[in-house]
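Data block for coords00.pdb (PDB, C-alpha atoms, pLDDT in the B column):
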```pdb
MODEL        1
ATOM      1  CA  MET X   1      50.963 -23.945 -93.690  1.00 86.00           C
ATOM      2  CA  HIS X   2      47.831 -23.820 -91.518  1.00 93.00           C
ATOM      3  CA  PRO X   3      48.503 -23.290 -87.777  1.00 93.00           C
ATOM      4  CA  ILE X   4      46.911 -26.656 -86.965  1.00 96.00           C
ATOM      5  CA  TYR X   5      49.981 -28.355 -88.437  1.00 97.00           C
ATOM      6  CA  ASP X   6      52.304 -26.408 -86.154  1.00 96.00           C
ATOM      7  CA  THR X   7      50.162 -27.506 -83.227  1.00 97.00           C
ATOM      8  CA  ILE X   8      50.416 -31.145 -84.308  1.00 97.00           C
ATOM      9  CA  PHE X   9      54.144 -31.074 -85.049  1.00 97.00           C
ATOM     10  CA  THR X  10      55.080 -29.350 -81.761  1.00 96.00           C
ATOM     11  CA  ARG X  11      52.858 -31.446 -79.478  1.00 97.00           C
ATOM     12  CA  ARG X  12      55.010 -33.181 -76.869  1.00 97.00           C
ATOM     13  CA  ASP X  13      54.664 -35.693 -74.053  1.00 97.00           C
ATOM     14  CA  VAL X  14      55.548 -33.397 -71.137  1.00 97.00           C
ATOM     15  CA  ARG X  15      57.053 -34.690 -67.873  1.00 97.00           C
ATOM     16  CA  ARG X  16      58.412 -31.537 -66.240  1.00 97.00           C
ATOM     17  CA  PHE X  17      55.941 -28.883 -65.118  1.00 98.00           C
ATOM     18  CA  ARG X  18      56.023 -25.444 -63.583  1.00 97.00           C
ATOM     19  CA  PRO X  19      54.048 -25.082 -60.322  1.00 94.00           C
ATOM     20  CA  ASP X  20      51.670 -22.513 -61.853  1.00 96.00           C
ATOM     21  CA  SER X  21      48.029 -23.533 -61.557  1.00 97.00           C
ATOM     22  CA  VAL X  22      45.918 -24.070 -64.655  1.00 98.00           C
ATOM     23  CA  PRO X  23      42.994 -21.590 -64.644  1.00 98.00           C
ATOM     24  CA  GLN X  24      39.594 -23.249 -64.504  1.00 98.00           C
ATOM     25  CA  PRO X  25      38.407 -21.597 -67.760  1.00 98.00           C
ATOM     26  CA  VAL X  26      41.405 -23.107 -69.563  1.00 98.00           C
ATOM     27  CA  LEU X  27      40.758 -26.573 -68.140  1.00 98.00           C
ATOM     28  CA  SER X  28      37.097 -26.244 -69.090  1.00 98.00           C
ATOM     29  CA  ARG X  29      38.068 -25.446 -72.688  1.00 98.00           C
ATOM     30  CA  LEU X  30      40.354 -28.492 -72.820  1.00 98.00           C
ATOM     31  CA  LEU X  31      37.603 -30.766 -71.549  1.00 99.00           C
ATOM     32  CA  LEU X  32      35.124 -29.227 -73.994  1.00 98.00           C
ATOM     33  CA  ALA X  33      37.552 -29.918 -76.846  1.00 98.00           C
ATOM     34  CA  ALA X  34      37.887 -33.517 -75.667  1.00 98.00           C
ATOM     35  CA  HIS X  35      34.113 -33.895 -75.469  1.00 98.00           C
ATOM     36  CA  HIS X  36      33.787 -32.759 -79.093  1.00 98.00           C
ATOM     37  CA  ALA X  37      35.892 -35.644 -80.388  1.00 98.00           C
ATOM     38  CA  PRO X  38      34.308 -38.003 -82.906  1.00 98.00           C
ATOM     39  CA  SER X  39      32.856 -41.229 -81.520  1.00 98.00           C
ATOM     40  CA  VAL X  40      31.411 -44.254 -83.283  1.00 98.00           C
ATOM     41  CA  GLY X  41      27.614 -44.187 -83.117  1.00 97.00           C
ATOM     42  CA  PHE X  42      27.889 -40.851 -81.265  1.00 98.00           C
ATOM     43  CA  MET X  43      28.510 -43.049 -78.226  1.00 98.00           C
ATOM     44  CA  GLN X  44      30.603 -40.447 -76.346  1.00 98.00           C
ATOM     45  CA  PRO X  45      31.928 -43.178 -74.039  1.00 98.00           C
ATOM     46  CA  TRP X  46      34.315 -40.986 -72.057  1.00 98.00           C
ATOM     47  CA  ASN X  47      34.327 -39.593 -68.542  1.00 98.00           C
ATOM     48  CA  PHE X  48      36.967 -37.315 -67.014  1.00 99.00           C
ATOM     49  CA  ILE X  49      38.209 -37.537 -63.420  1.00 99.00           C
ATOM     50  CA  VAL X  50      40.012 -34.303 -62.485  1.00 98.00           C
ATOM     51  CA  ILE X  51      42.543 -34.918 -59.690  1.00 98.00           C
ATOM     52  CA  ARG X  52      44.054 -32.109 -57.639  1.00 98.00           C
ATOM     53  CA  ASP X  53      44.308 -33.776 -54.212  1.00 98.00           C
ATOM     54  CA  LEU X  54      47.976 -34.355 -53.325  1.00 98.00           C
ATOM     55  CA  ALA X  55      47.118 -37.437 -51.276  1.00 98.00           C
ATOM     56  CA  VAL X  56      45.418 -39.067 -54.250  1.00 98.00           C
ATOM     57  CA  LYS X  57      48.336 -38.127 -56.493  1.00 98.00           C
ATOM     58  CA  ALA X  58      50.735 -39.680 -53.965  1.00 98.00           C
ATOM     59  CA  GLN X  59      48.878 -42.988 -54.180  1.00 98.00           C
ATOM     60  CA  VAL X  60      49.073 -42.912 -57.977  1.00 98.00           C
ATOM     61  CA  LYS X  61      52.776 -42.035 -57.781  1.00 98.00           C
ATOM     62  CA  GLN X  62      53.407 -45.095 -55.598  1.00 98.00           C
ATOM     63  CA  ALA X  63      51.492 -47.256 -58.049  1.00 98.00           C
ATOM     64  CA  PHE X  64      53.700 -45.853 -60.811  1.00 98.00           C
ATOM     65  CA  LEU X  65      56.876 -46.603 -58.849  1.00 98.00           C
ATOM     66  CA  ASP X  66      55.772 -50.194 -58.311  1.00 98.00           C
ATOM     67  CA  ALA X  67      54.889 -50.702 -61.991  1.00 98.00           C
ATOM     68  CA  ASN X  68      58.011 -48.908 -63.175  1.00 98.00           C
ATOM     69  CA  GLY X  69      60.221 -51.137 -61.027  1.00 97.00           C
ATOM     70  CA  ARG X  70      58.757 -54.170 -62.762  1.00 98.00           C
ATOM     71  CA  ALA X  71      59.086 -52.567 -66.197  1.00 98.00           C
ATOM     72  CA  ALA X  72      62.716 -51.630 -65.627  1.00 98.00           C
ATOM     73  CA  ARG X  73      63.690 -55.277 -65.131  1.00 97.00           C
ATOM     74  CA  ARG X  74      62.950 -55.890 -68.815  1.00 97.00           C
ATOM     75  CA  TYR X  75      66.022 -53.887 -69.836  1.00 98.00           C
ATOM     76  CA  HIS X  76      69.718 -54.588 -69.368  1.00 98.00           C
ATOM     77  CA  GLY X  77      73.085 -52.944 -69.915  1.00 98.00           C
ATOM     78  CA  GLN X  78      73.125 -49.558 -71.625  1.00 97.00           C
ATOM     79  CA  ARG X  79      69.420 -49.793 -72.387  1.00 97.00           C
ATOM     80  CA  ARG X  80      68.672 -50.179 -68.669  1.00 98.00           C
ATOM     81  CA  SER X  81      71.002 -47.310 -67.801  1.00 97.00           C
ATOM     82  CA  LEU X  82      69.194 -45.050 -70.273  1.00 97.00           C
ATOM     83  CA  TYR X  83      65.803 -46.221 -69.016  1.00 97.00           C
ATOM     84  CA  ASP X  84      66.723 -45.346 -65.438  1.00 97.00           C
ATOM     85  CA  ARG X  85      67.635 -41.805 -66.513  1.00 97.00           C
ATOM     86  CA  LEU X  86      64.321 -41.162 -68.250  1.00 96.00           C
ATOM     87  CA  LYS X  87      61.673 -39.121 -66.465  1.00 96.00           C
ATOM     88  CA  LEU X  88      58.480 -40.973 -67.253  1.00 97.00           C
ATOM     89  CA  GLU X  89      55.883 -39.066 -65.220  1.00 98.00           C
ATOM     90  CA  GLY X  90      55.104 -35.763 -63.546  1.00 98.00           C
ATOM     91  CA  ILE X  91      52.339 -36.939 -61.224  1.00 98.00           C
ATOM     92  CA  LEU X  92      53.215 -34.851 -58.174  1.00 98.00           C
ATOM     93  CA  GLU X  93      54.589 -31.854 -60.060  1.00 98.00           C
ATOM     94  CA  ALA X  94      51.644 -31.344 -62.415  1.00 98.00           C
ATOM     95  CA  PRO X  95      48.932 -29.138 -60.880  1.00 98.00           C
ATOM     96  CA  ILE X  96      46.243 -31.303 -62.492  1.00 98.00           C
ATOM     97  CA  ASN X  97      46.062 -35.038 -63.071  1.00 98.00           C
ATOM     98  CA  LEU X  98      43.295 -36.300 -65.334  1.00 99.00           C
ATOM     99  CA  CYS X  99      42.016 -39.833 -65.775  1.00 99.00           C
ATOM    100  CA  VAL X 100      40.103 -40.398 -69.011  1.00 99.00           C
ATOM    101  CA  THR X 101      37.839 -43.447 -68.896  1.00 98.00           C
ATOM    102  CA  CYS X 102      35.634 -45.415 -71.282  1.00 98.00           C
ATOM    103  CA  ASP X 103      32.160 -46.628 -70.385  1.00 98.00           C
ATOM    104  CA  ARG X 104      31.813 -49.640 -72.693  1.00 97.00           C
ATOM    105  CA  SER X 105      28.117 -50.046 -71.844  1.00 97.00           C
ATOM    106  CA  ARG X 106      26.997 -46.506 -72.676  1.00 97.00           C
ATOM    107  CA  PHE X 107      23.785 -46.501 -74.748  1.00 96.00           C
ATOM    108  CA  GLY X 108      23.438 -50.254 -74.327  1.00 94.00           C
ATOM    109  CA  PRO X 109      24.765 -53.274 -76.244  1.00 91.00           C
ATOM    110  CA  HIS X 110      23.737 -52.146 -79.742  1.00 93.00           C
ATOM    111  CA  VAL X 111      25.553 -48.979 -80.755  1.00 96.00           C
ATOM    112  CA  LEU X 112      25.422 -47.946 -84.398  1.00 96.00           C
ATOM    113  CA  GLY X 113      28.630 -48.914 -86.206  1.00 95.00           C
ATOM    114  CA  ARG X 114      30.032 -50.994 -83.340  1.00 95.00           C
ATOM    115  CA  ASN X 115      28.743 -54.463 -84.207  1.00 93.00           C
ATOM    116  CA  SER X 116      31.844 -55.631 -86.092  1.00 96.00           C
ATOM    117  CA  ILE X 117      34.596 -53.858 -84.166  1.00 96.00           C
ATOM    118  CA  ARG X 118      33.685 -53.702 -80.493  1.00 95.00           C
ATOM    119  CA  GLU X 119      36.858 -51.788 -79.605  1.00 97.00           C
ATOM    120  CA  THR X 120      35.686 -48.668 -81.443  1.00 97.00           C
ATOM    121  CA  ASP X 121      34.531 -47.295 -78.072  1.00 98.00           C
ATOM    122  CA  LEU X 122      38.131 -47.415 -76.844  1.00 98.00           C
ATOM    123  CA  PHE X 123      39.365 -45.923 -80.127  1.00 98.00           C
ATOM    124  CA  SER X 124      36.816 -43.110 -79.775  1.00 98.00           C
ATOM    125  CA  THR X 125      38.088 -42.362 -76.263  1.00 98.00           C
ATOM    126  CA  CYS X 126      41.597 -42.040 -77.686  1.00 98.00           C
ATOM    127  CA  CYS X 127      40.245 -39.460 -80.133  1.00 98.00           C
ATOM    128  CA  ALA X 128      38.996 -37.446 -77.148  1.00 98.00           C
ATOM    129  CA  ILE X 129      42.450 -37.669 -75.565  1.00 98.00           C
ATOM    130  CA  GLN X 130      44.108 -36.421 -78.750  1.00 98.00           C
ATOM    131  CA  ASN X 131      41.614 -33.556 -79.013  1.00 98.00           C
ATOM    132  CA  LEU X 132      42.467 -32.513 -75.462  1.00 98.00           C
ATOM    133  CA  TRP X 133      46.196 -32.825 -76.147  1.00 98.00           C
ATOM    134  CA  LEU X 134      46.113 -30.616 -79.236  1.00 98.00           C
ATOM    135  CA  ALA X 135      43.892 -28.046 -77.514  1.00 98.00           C
ATOM    136  CA  ALA X 136      46.352 -28.018 -74.617  1.00 98.00           C
ATOM    137  CA  ARG X 137      49.235 -27.342 -76.998  1.00 98.00           C
ATOM    138  CA  ALA X 138      47.285 -24.418 -78.492  1.00 97.00           C
ATOM    139  CA  GLU X 139      46.783 -23.066 -74.942  1.00 98.00           C
ATOM    140  CA  GLY X 140      50.471 -23.436 -74.044  1.00 97.00           C
ATOM    141  CA  ILE X 141      49.643 -26.296 -71.666  1.00 98.00           C
ATOM    142  CA  GLY X 142      51.699 -29.486 -71.456  1.00 98.00           C
ATOM    143  CA  VAL X 143      50.254 -32.993 -71.232  1.00 98.00           C
ATOM    144  CA  GLY X 144      52.018 -36.209 -70.249  1.00 98.00           C
ATOM    145  CA  TRP X 145      50.474 -39.681 -70.553  1.00 98.00           C
ATOM    146  CA  VAL X 146      51.514 -41.962 -67.671  1.00 98.00           C
ATOM    147  CA  SER X 147      51.174 -45.399 -69.242  1.00 98.00           C
ATOM    148  CA  ILE X 148      53.254 -47.269 -66.654  1.00 98.00           C
ATOM    149  CA  LEU X 149      50.320 -47.937 -64.336  1.00 98.00           C
ATOM    150  CA  GLU X 150      48.291 -51.061 -63.675  1.00 98.00           C
ATOM    151  CA  PRO X 151      44.635 -50.399 -64.571  1.00 98.00           C
ATOM    152  CA  ASP X 152      43.440 -52.199 -61.433  1.00 98.00           C
ATOM    153  CA  ASP X 153      45.563 -49.853 -59.296  1.00 98.00           C
ATOM    154  CA  VAL X 154      44.008 -46.842 -61.007  1.00 98.00           C
ATOM    155  CA  ARG X 155      40.529 -48.309 -60.498  1.00 98.00           C
ATOM    156  CA  ARG X 156      41.178 -48.916 -56.807  1.00 98.00           C
ATOM    157  CA  ILE X 157      42.671 -45.502 -56.067  1.00 98.00           C
ATOM    158  CA  LEU X 158      40.046 -43.544 -58.014  1.00 98.00           C
ATOM    159  CA  GLN X 159      37.157 -45.883 -57.056  1.00 98.00           C
ATOM    160  CA  ILE X 160      36.286 -46.548 -60.685  1.00 98.00           C
ATOM    161  CA  PRO X 161      33.541 -49.176 -61.224  1.00 98.00           C
ATOM    162  CA  LYS X 162      34.640 -52.473 -62.786  1.00 96.00           C
ATOM    163  CA  ARG X 163      32.638 -51.913 -65.971  1.00 96.00           C
ATOM    164  CA  ILE X 164      34.581 -48.692 -66.664  1.00 98.00           C
ATOM    165  CA  VAL X 165      37.969 -48.851 -68.411  1.00 98.00           C
ATOM    166  CA  PRO X 166      40.647 -46.336 -67.343  1.00 98.00           C
ATOM    167  CA  VAL X 167      42.185 -45.506 -70.735  1.00 98.00           C
ATOM    168  CA  ALA X 168      44.641 -42.725 -69.900  1.00 98.00           C
ATOM    169  CA  TYR X 169      46.163 -41.120 -66.821  1.00 98.00           C
ATOM    170  CA  LEU X 170      47.379 -37.663 -67.838  1.00 99.00           C
ATOM    171  CA  CYS X 171      49.511 -35.020 -66.126  1.00 98.00           C
ATOM    172  CA  ILE X 172      48.508 -31.477 -67.105  1.00 98.00           C
ATOM    173  CA  GLY X 173      50.229 -28.149 -66.459  1.00 98.00           C
ATOM    174  CA  TYR X 174      52.503 -25.481 -67.875  1.00 98.00           C
ATOM    175  CA  PRO X 175      55.722 -27.113 -69.129  1.00 98.00           C
ATOM    176  CA  GLU X 176      59.140 -26.107 -67.841  1.00 96.00           C
ATOM    177  CA  VAL X 177      60.378 -26.302 -71.414  1.00 93.00           C
ATOM    178  CA  LEU X 178      58.968 -27.460 -74.738  1.00 91.00           C
ATOM    179  CA  LEU X 179      61.516 -29.682 -76.430  1.00 93.00           C
ATOM    180  CA  PRO X 180      62.192 -29.312 -80.179  1.00 93.00           C
ATOM    181  CA  LYS X 181      61.952 -33.119 -80.534  1.00 95.00           C
ATOM    182  CA  PRO X 182      60.180 -35.819 -78.555  1.00 96.00           C
ATOM    183  CA  GLU X 183      62.267 -36.822 -75.532  1.00 95.00           C
ATOM    184  CA  LEU X 184      62.696 -40.453 -76.590  1.00 97.00           C
ATOM    185  CA  GLU X 185      63.888 -39.370 -80.030  1.00 97.00           C
ATOM    186  CA  ARG X 186      66.214 -36.764 -78.525  1.00 96.00           C
ATOM    187  CA  VAL X 187      67.971 -39.204 -76.171  1.00 96.00           C
ATOM    188  CA  GLY X 188      68.252 -41.945 -78.791  1.00 96.00           C
ATOM    189  CA  TRP X 189      65.713 -44.394 -77.380  1.00 97.00           C
ATOM    190  CA  ALA X 190      63.981 -44.672 -80.766  1.00 97.00           C
ATOM    191  CA  PRO X 191      64.111 -42.799 -84.103  1.00 97.00           C
ATOM    192  CA  ARG X 192      61.164 -41.286 -85.936  1.00 97.00           C
ATOM    193  CA  LEU X 193      60.333 -43.669 -88.748  1.00 97.00           C
ATOM    194  CA  ALA X 194      60.320 -42.400 -92.312  1.00 96.00           C
ATOM    195  CA  LEU X 195      56.753 -41.845 -93.512  1.00 96.00           C
ATOM    196  CA  ALA X 196      57.587 -43.242 -96.957  1.00 93.00           C
ATOM    197  CA  ASP X 197      58.420 -46.606 -95.360  1.00 94.00           C
ATOM    198  CA  LEU X 198      54.968 -46.784 -93.766  1.00 95.00           C
ATOM    199  CA  ILE X 199      52.784 -46.191 -96.849  1.00 95.00           C
ATOM    200  CA  PHE X 200      51.514 -48.994 -99.066  1.00 95.00           C
ATOM    201  CA  THR X 201      49.345 -48.848-102.192  1.00 94.00           C
ATOM    202  CA  ASP X 202      46.146 -50.878-102.556  1.00 93.00           C
ATOM    203  CA  GLN X 203      47.415 -53.796-100.441  1.00 93.00           C
ATOM    204  CA  TRP X 204      49.955 -54.584 -97.734  1.00 95.00           C
ATOM    205  CA  GLY X 205      53.544 -54.446 -98.951  1.00 93.00           C
ATOM    206  CA  ARG X 206      52.877 -52.719-102.287  1.00 92.00           C
ATOM    207  CA  ARG X 207      54.538 -49.371-102.909  1.00 87.00           C
ATOM    208  CA  ASP X 208      53.519 -47.302-105.948  1.00 79.00           C
ATOM    209  CA  GLY X 209      51.943 -50.376-107.483  1.00 62.00           C
ATOM    210  CA  LEU X 210      55.055 -52.567-107.105  1.00 62.00           C
ATOM    211  CA  PRO X 211      55.594 -55.193-104.389  1.00 59.00           C
ATOM    212  CA  SER X 212      58.153 -54.154-101.793  1.00 57.00           C
ATOM    213  CA  LYS X 213      61.153 -56.347-100.978  1.00 57.00           C
ATOM    214  CA  GLY X 214      60.249 -59.229 -98.761  1.00 50.00           C
ATOM    215  CA  ALA X 215      56.512 -58.938 -99.483  1.00 47.00           C
TER     216      ALA X 215
ENDMDL
END
```
What's the structure tokens form of this structure?
Amino acid sequence: MHPIYDTIFTRRDVRRFRPDSVPQPVLSRLLLAAHHAPSVGFMQPWNFIVIRDLAVKAQVKQAFLDANGRAARRYHGQRRSLYDRLKLEGILEAPINLCVTCDRSRFGPHVLGRNSIRETDLFSTCCAIQNLWLAARAEGIGVGWVSILEPDDVRRILQIPKRIVPVAYLCIGYPEVLLPKPELERVGWAPRLALADLIFTDQWGRRDGLPSKGA
């Protein structure tokens, strides 16, 4: 099997980081990999805000705590107990935080291939994030996506213009440990779905040419 598959299969959402700094040449390679992601109409809508300042990180951490408190109230009983035990960020521990944004106005209102599906600029930005994540895995670097943040809080703290969309807030550093399975699968929060259950043929609900049950 080609090494790229090992990189894909062992990529993890990392929350626990060693204090070691990430060398600038390594970070530059990760950003270069991200910048070489495919984008609809060659729009390249991304920007990257590299955050090392502990004071800025502390503001983001507080924004996370506020958002996480609201999110936690959605769960009850054993589910809430498990949620409270999960480590869902590494904002202060990670030597580098990275905000990946999308400029939805880049190259003007008429971008090749974007007339029908306007969100392709956001999808393209996600391709850049995945490129960075896989490159990081190849470099032995861990990445964690902090999704429990209000976009307006991120905009305010990082002084991001209103027209710019903050797509991902990432924690980047050397992981304490690389888990054999994703954390949420390991603790029983959710199973990995069987690929065979997710593949249809020719139209929704058809498997190998025959309608699936309930189609």
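Comparing the minimum interatomic distances between X:Ala55 and each of X:Glu183, X:Leu31, X:Leu158, X:Asp153, counting all atoms listed in the file, we find that X:Leu158 sits nearest.
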Atom-to-atom span, atom CA of X:Asn131 and atom CA of X:Gly173, Å: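 Pair atom CA of X:Asn131 / atom CA of X:Gly173 returns 16.2 Å.
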What does the structure give for the distance between atom CA of X:Gln159 and atom CA of X:Thr101, in Å to one decimal?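 Between atom CA of X:Gln159 and atom CA of X:Thr101 the gap works out to 12.1 Å.
When atom CA of X:Leu32 is paired with atom CA of X:Tyr174, their separation reads 18.8 Å.
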Specify as a ChimeraX atom specification each residue included when the PyMOL selection byres ((chain X and resi 54) around 10) is applied to this file. /X:51-53,55-60,91-93,95-97
Using only C-alpha atoms, which of the listed residues (X:His110, X:Ile199, X:Ser28, X:Pro182) sits closest to X:Val50?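 So, comparing all the options, the nearest one is X:Ser28.
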Quick one: residues within 12 Å of X:Val14, only C-alpha atoms counted, chain neighbours fewer than 5 positions away excluded, as a PyMOL selection string? chain X and resi 87-91+93-94+133+136-137+140-146+170-184
Nearest to X:Pro151 by atom-to-atom distance, counting all atoms listed in the file, from X:Pro191, X:Ser105, X:Met1, X:Ala168: X:Ala168
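All residues of protein, DNA or RNA that reach within 9 Å of X:Ala135, judged by all atoms listed in the file and not counting those fewer than 3 positions away in the chain, are Thr7, Arg29, Leu30, Ala33, Ala34, Gln130, Asn131, Leu132, Ala138, Glu139, Gly140 and Ile141 of chain X.
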Using only C-alpha atoms, please write the residues we just selected to a file, as a PDB file, in the coordinates of the input.
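Produced file result_32.pdb, reproduced below:
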```
ATOM      1  CA  THR X   7      50.162 -27.506 -83.227  1.00 97.00           C
ATOM      2  CA  ARG X  29      38.068 -25.446 -72.688  1.00 98.00           C
ATOM      3  CA  LEU X  30      40.354 -28.492 -72.820  1.00 98.00           C
ATOM      4  CA  ALA X  33      37.552 -29.918 -76.846  1.00 98.00           C
ATOM      5  CA  ALA X  34      37.887 -33.517 -75.667  1.00 98.00           C
ATOM      6  CA  GLN X 130      44.108 -36.421 -78.750  1.00 98.00           C
ATOM      7  CA  ASN X 131      41.614 -33.556 -79.013  1.00 98.00           C
ATOM      8  CA  LEU X 132      42.467 -32.513 -75.462  1.00 98.00           C
ATOM      9  CA  ALA X 138      47.285 -24.418 -78.492  1.00 97.00           C
ATOM     10  CA  GLU X 139      46.783 -23.066 -74.942  1.00 98.00           C
ATOM     11  CA  GLY X 140      50.471 -23.436 -74.044  1.00 97.00           C
ATOM     12  CA  ILE X 141      49.643 -26.296 -71.666  1.00 98.00           C
TER      13      ILE X 141
END
```
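Using only C-alpha atoms, the smallest distance between any of X:Ala194, X:Asn68, X:Pro166, X:Gly113 and X:Asp84 comes from X:Asn68.
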Go ahead and fit an axis-aligned box to every listed atom of stretch 183-188 of chain X plus 4 Å each side, and pass me the centre and edge lengths in Å, one decimal, as lines of an AutoDock Vina configuration file.
```
center_x = 65.3
center_y = -39.4
center_z = -77.8
size_x = 14.0
size_y = 13.2
size_z = 12.5
```
Given the choices X:Val187, X:Ala128, X:Leu193, X:Arg74, which gets closest to X:His35 if the distance is worked out from only C-alpha atoms?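 Closest to X:His35 of all the choices is X:Ala128.
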Stretch 132-197 of chain X residues near stretch 42-46 of chain X within 10 Å, closest pair each, using all atoms listed in the file, as JSON lines:
```
{"residue": "X:Ile164", "atom": "CA", "partner": "X:Trp46", "partner_atom": "CA", "distance": 9.4}
{"residue": "X:Val165", "atom": "CA", "partner": "X:Trp46", "partner_atom": "CA", "distance": 9.4}
{"residue": "X:Pro166", "atom": "CA", "partner": "X:Trp46", "partner_atom": "CA", "distance": 9.5}
{"residue": "X:Val167", "atom": "CA", "partner": "X:Trp46", "partner_atom": "CA", "distance": 9.2}
```
Residues just named, written with C-alpha atoms as a short mmCIF file (atom, residue, chain, number, x, y, z; two decimals), in the frame of the given file:
```
data_model
loop_
_atom_site.label_atom_id
_atom_site.label_comp_id
_atom_site.auth_asym_id
_atom_site.auth_seq_id
_atom_site.Cartn_x
_atom_site.Cartn_y
_atom_site.Cartn_z
CA ILE X 164 34.58 -48.69 -66.66
CA VAL X 165 37.97 -48.85 -68.41
CA PRO X 166 40.65 -46.34 -67.34
CA VAL X 167 42.18 -45.51 -70.74
#
```
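Among the candidate residues X:Val26, X:Ala190, X:Leu149, X:Ala63, the one lying nearest to X:Leu82 is X:Ala190, with distances computed using all atoms listed in the file.
Residues with any atom within 12 Å of X:Trp189, counting all atoms listed in the file and excluding same-chain neighbours fewer than 6 positions away, are Gln78, Arg79, Arg80, Ser81, Leu82, Tyr83, Arg85, Leu86, Pro182 and Glu183 of chain X.
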